[in-house]
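Novice: my_file08.cif is reproduced below (mmCIF, C-alpha atoms and all ligand atoms).
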```cif
data_input
#
loop_
_atom_site.label_atom_id
_atom_site.label_comp_id
_atom_site.auth_asym_id
_atom_site.auth_seq_id
_atom_site.Cartn_x
_atom_site.Cartn_y
_atom_site.Cartn_z
CA MET B 11 9.37 -26.64 -5.05
CA VAL B 12 8.00 -29.61 -3.15
CA PHE B 13 6.43 -28.84 0.18
CA VAL B 14 6.03 -31.57 2.74
CA VAL B 15 2.81 -31.48 4.69
CA LEU B 16 2.26 -33.43 7.85
CA PHE B 17 -1.41 -33.80 8.71
CA VAL B 18 -2.03 -34.01 12.40
CA GLY B 19 -5.04 -34.84 14.49
CA ALA B 20 -7.90 -32.43 14.87
CA GLY B 21 -7.38 -29.52 17.24
CA ALA B 22 -9.03 -29.25 20.62
CA SER B 23 -12.26 -27.68 19.51
CA LEU B 24 -14.42 -25.84 22.00
CA LYS B 25 -17.93 -26.92 22.31
CA GLY B 26 -20.12 -24.86 19.99
CA GLN B 27 -17.21 -22.77 18.74
CA ASN B 28 -15.17 -22.72 15.59
CA VAL B 29 -11.98 -21.73 17.34
CA HIS B 30 -9.72 -24.54 18.32
CA ASN B 31 -6.23 -25.00 19.59
CA LEU B 32 -4.57 -21.62 19.28
CA GLY B 33 -1.30 -22.92 20.57
CA GLY B 34 0.53 -22.43 17.27
CA LEU B 35 0.32 -18.67 17.57
CA SER B 36 1.93 -18.87 20.91
CA SER B 37 2.94 -15.29 21.68
CA ALA B 38 0.26 -13.04 23.08
CA GLY B 39 -2.02 -16.01 22.61
CA VAL B 40 -5.54 -16.49 23.84
CA SER B 41 -5.90 -19.73 25.69
CA ALA B 42 -8.76 -22.02 24.85
CA ARG B 43 -10.01 -21.67 28.41
CA SER B 44 -10.33 -17.91 28.03
CA LEU B 45 -12.72 -18.31 25.13
CA SER B 46 -15.67 -19.15 27.30
CA LEU B 47 -18.50 -16.70 26.68
CA GLY B 48 -20.04 -17.27 30.09
CA GLY B 49 -23.42 -15.74 30.80
CA LYS B 50 -23.50 -13.80 27.53
CA LYS B 51 -23.58 -16.93 25.51
CA ALA B 52 -27.33 -17.26 25.08
CA LYS B 53 -27.69 -13.69 23.88
CA LEU B 54 -24.83 -13.94 21.44
CA GLU B 55 -26.11 -17.21 20.07
CA GLN B 56 -29.04 -15.42 18.43
CA ARG B 57 -26.70 -13.23 16.36
CA ARG B 58 -24.48 -16.01 15.14
CA VAL B 59 -24.75 -17.46 11.70
CA PRO B 60 -26.11 -21.00 11.73
CA ALA B 61 -23.56 -23.77 11.58
CA VAL B 62 -22.85 -25.06 8.10
CA SER B 63 -23.93 -28.65 7.82
CA ALA B 64 -20.83 -30.04 6.14
CA THR B 65 -19.28 -32.86 8.08
CA ILE B 66 -15.92 -32.09 9.59
CA ALA B 67 -13.93 -35.18 8.95
CA ALA B 68 -11.59 -36.23 11.72
CA ARG B 69 -8.10 -35.63 10.45
CA GLU B 70 -5.50 -38.31 10.42
CA VAL B 71 -1.78 -38.16 10.47
CA VAL B 72 -0.92 -38.23 6.79
CA GLN B 73 2.45 -37.68 5.21
CA SER B 74 2.12 -36.07 1.83
CA SER B 75 4.35 -34.30 -0.66
CA VAL B 76 2.86 -31.36 -2.44
CA ASP B 77 4.25 -29.54 -5.44
CA ILE B 78 2.98 -26.03 -4.65
CA PRO B 79 3.49 -24.41 -8.08
CA LYS B 80 1.70 -27.37 -9.66
CA LEU B 81 -1.09 -27.07 -7.12
CA ALA B 82 -1.37 -23.35 -7.93
CA GLU B 83 -1.83 -24.21 -11.59
CA GLU B 84 -4.48 -26.80 -10.81
CA LEU B 85 -6.41 -24.41 -8.59
CA ASP B 86 -6.03 -21.32 -10.72
CA SER B 87 -9.58 -21.55 -12.07
CA ALA B 88 -11.09 -22.89 -8.85
CA SER B 89 -13.56 -20.80 -6.86
CA PRO B 90 -12.45 -19.08 -3.62
CA LEU B 91 -14.60 -21.58 -1.72
CA GLU B 92 -12.83 -24.54 -3.34
CA ILE B 93 -9.44 -22.98 -2.68
CA MET B 94 -10.32 -22.25 0.92
CA ASP B 95 -11.60 -25.77 1.43
CA LYS B 96 -8.40 -27.20 -0.04
CA ALA B 97 -6.24 -25.00 2.16
CA LEU B 98 -8.08 -25.86 5.37
CA SER B 99 -8.23 -29.56 4.56
CA MET B 100 -4.51 -29.71 3.81
CA PHE B 101 -3.24 -27.81 6.83
CA GLY B 102 -5.84 -28.16 9.57
CA ASP B 103 -4.57 -26.56 12.77
CA ASP B 104 -1.42 -25.32 11.11
CA ILE B 105 -3.08 -22.69 8.97
CA ALA B 106 -4.75 -19.39 9.88
CA ILE B 107 -6.51 -16.56 8.11
CA ALA B 108 -4.87 -13.14 8.32
CA PHE B 109 -7.73 -10.69 8.80
CA SER B 110 -7.10 -6.97 8.40
CA GLY B 111 -10.54 -5.72 9.29
CA ALA B 112 -11.42 -4.73 5.74
CA GLU B 113 -13.18 -6.57 2.92
CA ASP B 114 -11.01 -9.63 3.51
CA VAL B 115 -13.79 -10.58 5.94
CA ALA B 116 -14.88 -12.51 2.83
CA LEU B 117 -12.18 -15.04 3.73
CA ILE B 118 -13.86 -15.73 7.04
CA GLU B 119 -17.23 -16.21 5.37
CA TYR B 120 -15.67 -18.64 2.87
CA ALA B 121 -13.94 -20.53 5.67
CA HIS B 122 -17.22 -20.73 7.54
CA LEU B 123 -18.95 -22.05 4.42
CA THR B 124 -16.49 -24.93 4.14
CA GLY B 125 -17.82 -26.24 7.45
CA ARG B 126 -14.29 -26.85 8.64
CA PRO B 127 -12.69 -25.44 11.79
CA PHE B 128 -10.57 -22.40 11.05
CA ARG B 129 -8.38 -19.93 12.86
CA VAL B 130 -8.11 -16.18 12.40
CA PHE B 131 -5.42 -13.76 13.50
CA SER B 132 -5.07 -10.02 13.13
CA LEU B 133 -2.33 -7.48 13.70
CA GLU B 134 -3.40 -5.14 16.48
CA THR B 135 -1.12 -2.23 15.67
CA GLY B 136 -2.65 0.08 18.25
CA ARG B 137 -3.40 2.59 15.49
CA LEU B 138 -6.54 1.13 13.92
CA ASN B 139 -9.80 3.00 13.42
CA PRO B 140 -12.60 2.53 15.97
CA GLU B 141 -14.72 1.18 13.10
CA THR B 142 -12.21 -1.61 12.58
CA TYR B 143 -12.31 -2.65 16.22
CA ARG B 144 -16.11 -2.72 16.05
CA LEU B 145 -15.94 -4.96 12.99
CA PHE B 146 -13.57 -7.34 14.80
CA ASP B 147 -16.08 -7.62 17.59
CA GLU B 148 -18.99 -8.15 15.21
CA VAL B 149 -17.12 -10.83 13.31
CA GLU B 150 -16.19 -12.67 16.50
CA LYS B 151 -19.81 -12.77 17.54
CA ARG B 152 -21.27 -13.65 14.17
CA TYR B 153 -18.92 -16.57 13.57
CA ASN B 154 -18.49 -17.53 17.20
CA ILE B 155 -14.76 -17.24 17.04
CA ARG B 156 -11.99 -15.45 18.89
CA ILE B 157 -9.57 -13.57 16.70
CA GLN B 158 -5.97 -14.04 17.77
CA TYR B 159 -4.67 -10.48 18.03
CA MET B 160 -0.95 -10.08 17.57
CA PHE B 161 0.40 -7.08 19.46
CA PRO B 162 3.70 -5.31 18.80
CA ASP B 163 6.50 -5.52 21.32
CA ALA B 164 5.74 -2.83 23.92
CA THR B 165 9.41 -1.91 24.41
CA GLU B 166 9.92 -1.39 20.69
CA VAL B 167 6.83 0.80 20.40
CA GLU B 168 7.90 2.86 23.40
CA GLU B 169 11.36 3.35 21.95
CA LEU B 170 9.98 4.43 18.57
CA VAL B 171 7.39 6.84 19.94
CA ARG B 172 9.64 8.33 22.61
CA THR B 173 12.46 9.05 20.19
CA LYS B 174 10.53 9.98 17.06
CA GLY B 175 7.01 10.92 18.11
CA LEU B 176 3.63 9.50 17.21
CA PHE B 177 3.68 10.41 13.52
CA SER B 178 7.27 9.79 12.45
CA PHE B 179 6.06 7.93 9.36
CA TYR B 180 4.94 11.20 7.74
CA GLU B 181 8.55 12.40 7.93
CA ASP B 182 10.70 9.40 7.18
CA GLY B 183 8.42 6.83 5.62
CA HIS B 184 6.17 4.12 6.97
CA GLN B 185 8.68 1.27 6.97
CA GLU B 186 10.07 1.73 10.46
CA CYS B 187 6.71 1.99 12.19
CA CYS B 188 5.27 -0.84 10.09
CA ARG B 189 8.27 -2.99 10.97
CA VAL B 190 7.58 -2.54 14.69
CA ARG B 191 3.80 -2.64 14.67
CA LYS B 192 3.12 -5.04 11.83
CA VAL B 193 5.99 -6.99 10.34
CA ARG B 194 7.54 -8.33 13.53
CA PRO B 195 4.19 -9.38 15.06
CA LEU B 196 3.29 -10.98 11.73
CA ARG B 197 6.59 -12.84 11.65
CA ARG B 198 5.92 -14.06 15.17
CA ALA B 199 2.45 -15.27 14.20
CA LEU B 200 3.69 -17.06 11.12
CA LYS B 201 6.43 -18.84 13.05
CA GLY B 202 3.63 -20.83 14.68
CA LEU B 203 2.08 -21.91 11.39
CA LYS B 204 2.78 -23.96 8.30
CA ALA B 205 0.46 -21.96 6.09
CA TRP B 206 -1.56 -18.76 6.11
CA ILE B 207 -4.41 -17.31 4.14
CA THR B 208 -4.47 -13.74 2.87
CA GLY B 209 -7.00 -11.56 1.06
CA GLN B 210 -4.53 -10.42 -1.62
CA ARG B 211 -6.02 -9.85 -5.04
CA LYS B 212 -4.35 -9.20 -8.35
CA ASP B 213 -6.39 -6.06 -8.97
CA GLN B 214 -5.44 -4.38 -5.67
CA SER B 215 -2.13 -2.95 -6.78
CA PRO B 216 -1.32 -3.19 -10.48
CA GLY B 217 2.30 -2.40 -9.69
CA THR B 218 3.03 -5.01 -7.03
CA ARG B 219 0.27 -7.61 -6.93
CA ALA B 220 -0.37 -8.28 -10.59
CA SER B 221 0.88 -11.86 -10.41
CA VAL B 222 -0.41 -13.21 -7.09
CA PRO B 223 -0.92 -17.00 -7.42
CA VAL B 224 -3.75 -18.70 -5.53
CA VAL B 225 -1.16 -20.62 -3.53
CA GLN B 226 2.60 -20.18 -3.28
CA VAL B 227 5.58 -20.99 -1.15
CA ASP B 228 5.84 -17.82 0.91
CA PRO B 229 8.71 -15.81 -0.56
CA ALA B 230 9.31 -13.67 2.52
CA PHE B 231 8.42 -15.36 5.79
CA GLU B 232 9.32 -18.55 7.61
CA GLY B 233 6.88 -21.00 9.09
CA LEU B 234 6.88 -23.38 12.02
CA ASP B 235 9.64 -25.61 10.70
CA GLY B 236 11.93 -22.67 9.97
CA GLY B 237 14.01 -21.81 6.95
CA PRO B 238 13.12 -20.76 3.42
CA GLY B 239 10.18 -22.64 1.97
CA SER B 240 8.75 -23.56 5.36
CA LEU B 241 5.56 -21.58 4.91
CA VAL B 242 2.77 -21.80 2.33
CA LYS B 243 0.70 -18.73 1.49
CA TRP B 244 -2.83 -19.10 0.18
CA ASN B 245 -4.54 -16.28 -1.70
CA PRO B 246 -8.05 -17.59 -2.44
CA LEU B 247 -9.24 -14.19 -3.72
CA SER B 248 -6.31 -13.75 -6.06
CA ASN B 249 -8.35 -14.00 -9.25
CA VAL B 250 -11.43 -12.29 -7.89
CA SER B 251 -12.15 -8.64 -8.64
CA GLY B 252 -12.95 -6.16 -5.92
CA THR B 253 -16.43 -5.82 -7.40
CA ALA B 254 -17.01 -9.57 -7.15
CA VAL B 255 -15.84 -9.62 -3.52
CA TRP B 256 -18.33 -6.89 -2.69
CA SER B 257 -21.10 -8.68 -4.49
CA PHE B 258 -20.33 -11.77 -2.40
CA LEU B 259 -20.28 -9.79 0.85
CA ARG B 260 -23.66 -8.21 0.08
CA THR B 261 -25.22 -11.48 -1.03
CA MET B 262 -24.11 -13.27 2.11
CA ASP B 263 -24.97 -10.29 4.31
CA VAL B 264 -21.50 -10.31 5.83
CA PRO B 265 -20.68 -7.50 8.30
CA VAL B 266 -18.26 -4.98 6.82
CA ASN B 267 -16.18 -2.11 8.10
CA ALA B 268 -18.34 1.02 8.45
CA LEU B 269 -15.52 3.05 6.88
CA HIS B 270 -16.35 1.54 3.51
CA SER B 271 -19.54 3.61 3.42
CA GLN B 272 -17.42 6.74 3.91
CA GLY B 273 -15.32 6.24 0.80
CA TYR B 274 -12.59 4.06 2.27
CA VAL B 275 -11.63 1.08 0.14
CA SER B 276 -8.31 -0.32 1.35
CA ILE B 277 -8.25 0.03 5.14
CA GLY B 278 -5.18 -0.11 7.38
CA CYS B 279 -4.08 2.03 10.31
CA GLU B 280 -5.98 5.25 10.94
CA PRO B 281 -3.14 7.73 10.29
CA CYS B 282 -2.12 5.95 7.11
CA THR B 283 -5.51 5.39 5.49
CA ARG B 284 -7.82 7.85 3.81
CA ALA B 285 -10.91 7.76 1.65
CA VAL B 286 -10.42 7.79 -2.12
CA LEU B 287 -12.35 9.73 -4.69
CA PRO B 288 -14.33 8.10 -7.51
CA GLY B 289 -11.87 6.95 -10.15
CA GLN B 290 -8.90 6.82 -7.78
CA HIS B 291 -7.24 3.46 -7.25
CA GLU B 292 -7.79 1.93 -3.82
CA ARG B 293 -4.06 1.94 -3.04
CA GLU B 294 -4.06 5.74 -3.39
CA GLY B 295 -5.79 5.74 -0.02
CA ARG B 296 -2.73 4.26 1.71
CA TRP B 297 0.57 6.06 2.47
CA TRP B 298 -0.47 8.69 -0.06
CA TRP B 299 2.20 11.16 1.02
CA GLU B 300 4.90 8.73 -0.05
CA ASP B 301 3.29 8.17 -3.44
CA ALA B 302 3.34 11.90 -3.99
CA LYS B 303 7.00 12.17 -3.00
CA ALA B 304 7.89 9.33 -5.31
CA LYS B 305 7.16 11.75 -8.13
CA GLU B 306 10.36 13.68 -7.39
CA CYS B 307 14.09 12.98 -7.31
CA GLY B 308 15.76 13.22 -3.92
CA LEU B 309 13.44 13.36 -0.97
CA HIS B 310 12.69 12.84 2.67
CA LYS B 311 13.79 15.61 4.97
CA GLY B 312 14.78 17.68 1.94
CA ASN B 313 18.20 16.12 1.82
CA ILE B 314 19.13 16.94 -1.72
CA ASP B 315 22.77 16.08 -1.05
CA SER B 316 21.73 12.45 -0.95
CA LEU B 317 20.58 12.49 -4.56
CA THR B 318 22.18 9.67 -6.42
CA GLU B 319 23.01 10.42 -9.97
CA PRO B 320 23.19 7.54 -12.43
CA GLN B 321 26.63 6.06 -12.87
CA SER B 322 28.13 3.63 -15.33
CA ALA B 323 29.31 0.21 -14.25
CA LEU B 324 32.77 1.76 -13.80
CA GLY B 325 31.40 4.41 -11.48
CA GLU B 326 31.63 7.24 -13.99
CA LYS B 327 28.94 9.86 -14.19
CA VAL B 328 26.51 9.25 -17.05
CA GLU B 329 25.81 12.37 -19.05
CA ALA B 330 22.13 12.91 -19.81
CA ALA B 331 20.83 15.08 -22.65
CA ASP B 332 19.65 18.54 -21.69
CA LEU B 333 15.92 19.12 -21.16
CA PHE B 334 13.35 21.79 -21.95
CA THR B 335 15.01 22.77 -25.22
CA GLY B 336 11.80 24.14 -26.76
CA GLU B 337 12.23 27.46 -28.59
CA ASN B 338 10.04 29.32 -26.10
CA VAL B 339 11.92 28.20 -23.00
CA LYS B 340 14.56 30.73 -21.93
CA THR B 341 17.74 29.40 -20.34
CA PHE B 342 18.58 31.19 -17.11
CA ALA B 343 22.18 31.36 -15.92
CA ARG B 344 23.38 31.66 -12.32
CA GLY B 345 23.53 35.48 -12.61
CA ASP B 346 19.91 35.64 -13.81
CA MET B 347 18.75 33.46 -10.93
CA GLU B 348 20.72 35.51 -8.37
CA ALA B 349 18.99 38.66 -9.65
CA LEU B 350 15.54 37.05 -9.53
CA ALA B 351 16.19 35.75 -6.05
CA LYS B 352 17.01 39.31 -4.92
CA GLY B 353 13.85 40.69 -6.56
CA GLU B 354 15.80 42.31 -9.41
CA ASN B 355 14.99 42.10 -13.14
CA ARG B 356 11.30 41.72 -12.38
CA GLU B 357 9.87 43.89 -15.17
CA LYS B 358 7.93 40.82 -16.22
CA SER B 359 6.86 37.79 -14.24
CA SER B 360 8.89 34.64 -14.77
CA ILE B 361 8.26 30.98 -14.16
CA VAL B 362 11.37 28.79 -13.98
CA VAL B 363 11.87 25.06 -13.63
CA LEU B 364 14.90 23.95 -11.58
CA TYR B 365 15.96 20.56 -12.88
CA ALA B 366 18.66 17.95 -13.28
CA PRO B 367 18.93 16.38 -16.75
CA TRP B 368 19.40 12.86 -15.32
CA CYS B 369 16.31 13.05 -13.08
CA SER B 370 13.58 10.87 -14.55
CA PHE B 371 10.85 13.11 -13.13
CA SER B 372 12.43 16.15 -14.76
CA GLN B 373 12.57 14.16 -17.98
CA ALA B 374 8.91 13.18 -17.59
CA MET B 375 7.77 16.81 -17.63
CA ASN B 376 9.93 17.78 -20.62
CA ASP B 377 7.17 17.72 -23.24
CA SER B 378 4.48 19.34 -21.13
CA TYR B 379 6.79 22.16 -20.08
CA ASN B 380 7.83 22.87 -23.68
CA THR B 381 4.15 22.97 -24.70
CA PHE B 382 3.36 25.16 -21.71
CA ALA B 383 6.08 27.59 -22.85
CA ASP B 384 4.63 27.61 -26.38
CA LYS B 385 1.22 28.54 -25.02
CA LEU B 386 2.65 31.47 -23.06
CA ALA B 387 4.86 32.68 -25.89
CA GLY B 388 4.34 36.44 -26.33
CA SER B 389 2.48 36.76 -23.03
CA LYS B 390 3.48 38.78 -19.97
CA VAL B 391 5.19 35.78 -18.42
CA VAL B 392 8.66 34.52 -19.27
CA VAL B 393 9.01 30.72 -19.15
CA GLY B 394 12.50 29.60 -18.24
CA LYS B 395 14.69 26.79 -16.98
CA PHE B 396 17.69 26.60 -14.69
CA ASN B 397 19.93 23.55 -14.56
CA ALA B 398 20.31 23.28 -10.77
CA ASP B 399 22.47 20.18 -10.86
CA GLY B 400 26.18 19.85 -10.01
CA ALA B 401 27.86 23.09 -8.92
CA GLU B 402 24.52 24.97 -8.85
CA LYS B 403 22.90 22.55 -6.41
CA SER B 404 23.95 24.20 -3.16
CA PHE B 405 23.22 27.70 -4.50
CA ALA B 406 19.72 26.59 -5.52
CA LYS B 407 19.17 24.87 -2.22
CA GLU B 408 20.12 27.98 -0.22
CA ASN B 409 18.47 30.62 -2.37
CA LEU B 410 15.74 28.95 -4.42
CA GLN B 411 14.03 26.53 -2.03
CA LEU B 412 15.37 23.53 -3.94
CA GLN B 413 14.60 20.30 -2.11
CA SER B 414 13.98 18.02 -5.02
CA TYR B 415 14.01 17.94 -8.80
CA PRO B 416 12.03 19.26 -10.53
CA THR B 417 11.04 22.40 -8.65
CA VAL B 418 8.97 25.07 -10.39
CA LEU B 419 9.17 28.66 -9.14
CA PHE B 420 7.14 31.73 -10.00
CA PHE B 421 8.74 35.17 -9.69
CA PRO B 422 5.97 37.83 -9.79
CA LYS B 423 6.84 41.11 -11.50
CA ASN B 424 7.75 44.10 -9.32
CA SER B 425 8.05 41.89 -6.26
CA SER B 426 10.71 40.05 -4.31
CA GLN B 427 8.44 37.10 -3.62
CA ILE B 428 9.24 33.57 -4.81
CA ILE B 429 6.22 31.30 -5.09
CA LYS B 430 6.80 27.57 -5.33
CA TYR B 431 4.48 25.48 -7.50
CA PRO B 432 2.93 23.18 -4.91
CA SER B 433 1.60 20.28 -6.99
CA GLU B 434 3.06 17.12 -8.48
CA ASN B 435 0.68 17.55 -11.41
CA ARG B 436 2.96 18.96 -14.09
CA GLU B 437 0.54 18.75 -16.98
CA VAL B 438 0.13 21.79 -19.25
CA ASP B 439 -3.32 22.77 -17.95
CA ALA B 440 -2.21 22.57 -14.32
CA LEU B 441 0.82 24.79 -14.98
CA LEU B 442 -1.31 27.29 -16.92
CA GLY B 443 -3.84 27.35 -14.07
CA PHE B 444 -1.04 28.15 -11.62
CA VAL B 445 0.20 31.08 -13.70
CA GLU B 446 -3.33 32.37 -14.28
CA ALA B 447 -4.08 32.29 -10.58
CA LEU B 448 -1.05 34.47 -9.86
CA GLN B 449 -1.58 37.08 -12.60
S1 LIG S 1 0.31 1.63 8.65
FE1 LIG S 1 1.06 3.56 9.56
S2 LIG S 1 0.55 3.53 11.76
FE2 LIG S 1 0.26 1.44 10.91
S3 LIG S 1 2.15 0.41 11.39
FE3 LIG S 1 2.39 1.23 9.32
S4 LIG S 1 3.27 3.30 9.53
FE4 LIG S 1 2.57 2.60 11.57
#
```
As C-alpha cells, what does this structure read like?
Ligand code: SF4
Specialist:
Amino acid sequence: MVFVVLFVGAGASLKGQNVHNLGGLSSAGVSARSLSLGGKKAKLEQRRVPAVSATIAAREVVQSSVDIPKLAEELDSASPLEIMDKALSMFGDDIAIAFSGAEDVALIEYAHLTGRPFRVFSLETGRLNPETYRLFDEVEKRYNIRIQYMFPDATEVEELVRTKGLFSFYEDGHQECCRVRKVRPLRRALKGLKAWITGQRKDQSPGTRASVPVVQVDPAFEGLDGGPGSLVKWNPLSNVSGTAVWSFLRTMDVPVNALHSQGYVSIGCEPCTRAVLPGQHEREGRWWWEDAKAKECGLHKGNIDSLTEPQSALGEKVEAADLFTGENVKTFARGDMEALAKGENREKSSIVVLYAPWCSFSQAMNDSYNTFADKLAGSKVVVGKFNADGAEKSFAKENLQLQSYPTVLFFPKNSSQIIKYPSENREVDALLGFVEALQ
C-alpha cells in the first residue's frame, strides 16, 4: 500500500523543552502554555539528560509517496535508533510515542538520542500502579517533556463501575473495561496523528506478535485523515529481544518502573498485572485468569448451556470419537454417577472425568488420563469417565458441579463428599499428586 506523507513545518517548540505543539492530540490535551515549569525549572534542570547535539533540521512542506511494506523491508535490519530517526524525520509533529510505563521507556531514550523533537502520550486508565505514575514523573523530568495523558470518558467509566463494580473484568473478561479505559482513549489519540510508535516486540507474545514488522500501515486504527490506511504504526523494537532492551536501558541508565525489580515484566493496570516466576513467559503476568479459563470448553459465569459444539457446513452435529478408552478407565453410566453423587457405592474411592468427546481440551488430556489410569490399576482408587455431553449435561450441571469440560471429580470412599480437581494441569504427575493427597 502506498502511504502519502505530507511534511509540515516544525512544531511550536518550547524553549528548552522537547515537547512541541500538542494540538494533534486534541482531547484532554495539555496546552503548550501549561508546560511552563516555573520556579522549579532550575532544580529540575540538574536532573535532566543533556541535550543531544544533533542538529534539528527545520522541516519543509514536502509531498512524498511512501510504500510502507517496501520501507519495512528496507528497515528490517536497521537499528532501533535508525528506525526511530526515520519515523520522526518522516512524520514530525504528526507522530507520537505510545508509552505504557514499562520497558518501552527505551523508545523515549531512542527518540531523545535522535536529537529530534518528539511527542509522547500514555493511556491514563485510572488503574495503574503507583510505581508507574512515579516513572511517568521521572521520565518527564529526565527528558524535559510533558507526557500527553489520555483519560477515559468519565461518563463511560461511571456507567461501567456503577453497573458492574470495580472488578468486573475478573468475571466477564477484560475486553469491556479495556474498551472504555484504553481502546477508546487510544482511538481518540490516534485520530490526531498520522503515525505512532509502539514498543511491540516479536518475542513478547509468540502467539500474537510473532510477525510484527518494524513499520506497517496500522491494521486496526484510523489516523488524522480518517479511513483505512490513514495511520502508520512504527515498531522500532520489533526485532529486538527483551534481553537486548534491558541491556540498552542499563547501559544508558534509563529510569525504569520499580515493579520490574519485584518480578514484573509486562506491566499494565494494577488489577490485571502480576509478577511472573522464573521460566514463565512475560504475557503470563497479564490477564492470567483468562489464560487459565481458555484451557476449558465453555466458560465465563459457568454458562455451560452456551457451549458450542462443532457443526458441519450444513449445520449438522459432527460426531467425535470417544475418549479415555484405555483398558484401565471404567465407563460410568448415569445410574453409577447418581449413586456416587448420593454417597452410595463408595466402597472404594473413585476419580471420574466428566467430558465431551468434541471438546478439544478433553481430547488434549486423553493420553495423560489413560496413563494415569494405568498407573493406578489395581490400587484402591477406581479411575473412571462419564460422558457428560448431550442429554447428561443438565444432570451433570445440577449434581456434579459441571461448569466446563473437562471436569475431574474425586469421590472419597465411605463419604458423601465430592471433591473437584482444582487445577488446569492435567498431566499424569499432577493427577497422581491429587489422588495421593486425598488418600
Ligand atoms: S487492563 Fe484491566 S483495569 Fe486496565 S483497562 Fe483493561 S481490564 Fe481495565
Novice: Measure the distance from CA of Trp299 in chain B to CA of Tyr180 in chain B in Å and round it to one decimal.
Specialist: 7.3 Å
Novice: Using all atoms listed in the file, which residues have at least one atom no more than 12 Å from ligand LIG 1 (chain S)? Output them as a PDB file with C-alpha atoms, in the coordinates of the input.
Specialist:
```
ATOM      1  CA  SER B 110      -7.100  -6.970   8.400  1.00  0.00           C
ATOM      2  CA  LEU B 133      -2.330  -7.480  13.700  1.00  0.00           C
ATOM      3  CA  GLU B 134      -3.400  -5.140  16.480  1.00  0.00           C
ATOM      4  CA  THR B 135      -1.120  -2.230  15.670  1.00  0.00           C
ATOM      5  CA  GLY B 136      -2.650   0.080  18.250  1.00  0.00           C
ATOM      6  CA  ARG B 137      -3.400   2.590  15.490  1.00  0.00           C
ATOM      7  CA  LEU B 138      -6.540   1.130  13.920  1.00  0.00           C
ATOM      8  CA  ASN B 139      -9.800   3.000  13.420  1.00  0.00           C
ATOM      9  CA  PHE B 161       0.400  -7.080  19.460  1.00  0.00           C
ATOM     10  CA  PRO B 162       3.700  -5.310  18.800  1.00  0.00           C
ATOM     11  CA  VAL B 167       6.830   0.800  20.400  1.00  0.00           C
ATOM     12  CA  LEU B 170       9.980   4.430  18.570  1.00  0.00           C
ATOM     13  CA  VAL B 171       7.390   6.840  19.940  1.00  0.00           C
ATOM     14  CA  GLY B 175       7.010  10.920  18.110  1.00  0.00           C
ATOM     15  CA  LEU B 176       3.630   9.500  17.210  1.00  0.00           C
ATOM     16  CA  PHE B 177       3.680  10.410  13.520  1.00  0.00           C
ATOM     17  CA  SER B 178       7.270   9.790  12.450  1.00  0.00           C
ATOM     18  CA  PHE B 179       6.060   7.930   9.360  1.00  0.00           C
ATOM     19  CA  TYR B 180       4.940  11.200   7.740  1.00  0.00           C
ATOM     20  CA  GLU B 181       8.550  12.400   7.930  1.00  0.00           C
ATOM     21  CA  ASP B 182      10.700   9.400   7.180  1.00  0.00           C
ATOM     22  CA  GLY B 183       8.420   6.830   5.620  1.00  0.00           C
ATOM     23  CA  HIS B 184       6.170   4.120   6.970  1.00  0.00           C
ATOM     24  CA  GLN B 185       8.680   1.270   6.970  1.00  0.00           C
ATOM     25  CA  GLU B 186      10.070   1.730  10.460  1.00  0.00           C
ATOM     26  CA  CYS B 187       6.710   1.990  12.190  1.00  0.00           C
ATOM     27  CA  CYS B 188       5.270  -0.840  10.090  1.00  0.00           C
ATOM     28  CA  ARG B 189       8.270  -2.990  10.970  1.00  0.00           C
ATOM     29  CA  VAL B 190       7.580  -2.540  14.690  1.00  0.00           C
ATOM     30  CA  ARG B 191       3.800  -2.640  14.670  1.00  0.00           C
ATOM     31  CA  LYS B 192       3.120  -5.040  11.830  1.00  0.00           C
ATOM     32  CA  VAL B 193       5.990  -6.990  10.340  1.00  0.00           C
ATOM     33  CA  ARG B 194       7.540  -8.330  13.530  1.00  0.00           C
ATOM     34  CA  PRO B 195       4.190  -9.380  15.060  1.00  0.00           C
ATOM     35  CA  LEU B 196       3.290 -10.980  11.730  1.00  0.00           C
ATOM     36  CA  SER B 276      -8.310  -0.320   1.350  1.00  0.00           C
ATOM     37  CA  ILE B 277      -8.250   0.030   5.140  1.00  0.00           C
ATOM     38  CA  GLY B 278      -5.180  -0.110   7.380  1.00  0.00           C
ATOM     39  CA  CYS B 279      -4.080   2.030  10.310  1.00  0.00           C
ATOM     40  CA  GLU B 280      -5.980   5.250  10.940  1.00  0.00           C
ATOM     41  CA  PRO B 281      -3.140   7.730  10.290  1.00  0.00           C
ATOM     42  CA  CYS B 282      -2.120   5.950   7.110  1.00  0.00           C
ATOM     43  CA  THR B 283      -5.510   5.390   5.490  1.00  0.00           C
ATOM     44  CA  ARG B 284      -7.820   7.850   3.810  1.00  0.00           C
ATOM     45  CA  GLY B 295      -5.790   5.740  -0.020  1.00  0.00           C
ATOM     46  CA  ARG B 296      -2.730   4.260   1.710  1.00  0.00           C
ATOM     47  CA  TRP B 297       0.570   6.060   2.470  1.00  0.00           C
ATOM     48  CA  TRP B 298      -0.470   8.690  -0.060  1.00  0.00           C
ATOM     49  CA  TRP B 299       2.200  11.160   1.020  1.00  0.00           C
ATOM     50  CA  GLU B 300       4.900   8.730  -0.050  1.00  0.00           C
TER      51      GLU B 300
END
```
Novice: Fewer than 2 positions away in the same chain doesn't count, so skip those; otherwise give me all residues within 12 Å of Gln272 in chain B, counting all atoms listed in the file, as a ChimeraX atom specification.
Specialist: /B:141,267-270,274-277,284-288
Novice: Record the distance separating CA of Gly388 in chain B and CA of Asp346 in chain B, expressed in Å with one decimal.
Specialist: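 Atom-to-atom, CA of Gly388 in chain B and CA of Asp346 in chain B are spaced 20.0 Å apart.
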Novice: How many Å lie between CA of Ala331 in chain B and CA of Tyr365 in chain B, rounded to one decimal?
Specialist: 12.2 Å
Novice: Using only C-alpha atoms, can you tell me which of B:Trp244, B:Leu81, B:Ala374, B:Phe146 comes closest to Ile105 in chain B?
Specialist: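 Among the listed residues, B:Trp244 lies closest to Ile105 in chain B.
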Novice: List every protein, DNA or RNA residue that has at least one atom no more than 9 Å from (2.0, 32.2, -11.2) in the file's coordinates, counting all atoms listed in the file, and write the result as an MDAnalysis selection string.
Specialist: chainID B and resid 359:361 391 419:422 429:431 441:449
Novice: Given the choices B:Val418, B:Val242, B:Ala254, B:Val362, which gets closest to Val76 in chain B if the distance is worked out from all atoms listed in the file?
Specialist: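 Of B:Val418, B:Val242, B:Ala254, B:Val362, the one nearest Val76 in chain B, counting all atoms listed in the file, is B:Val242.
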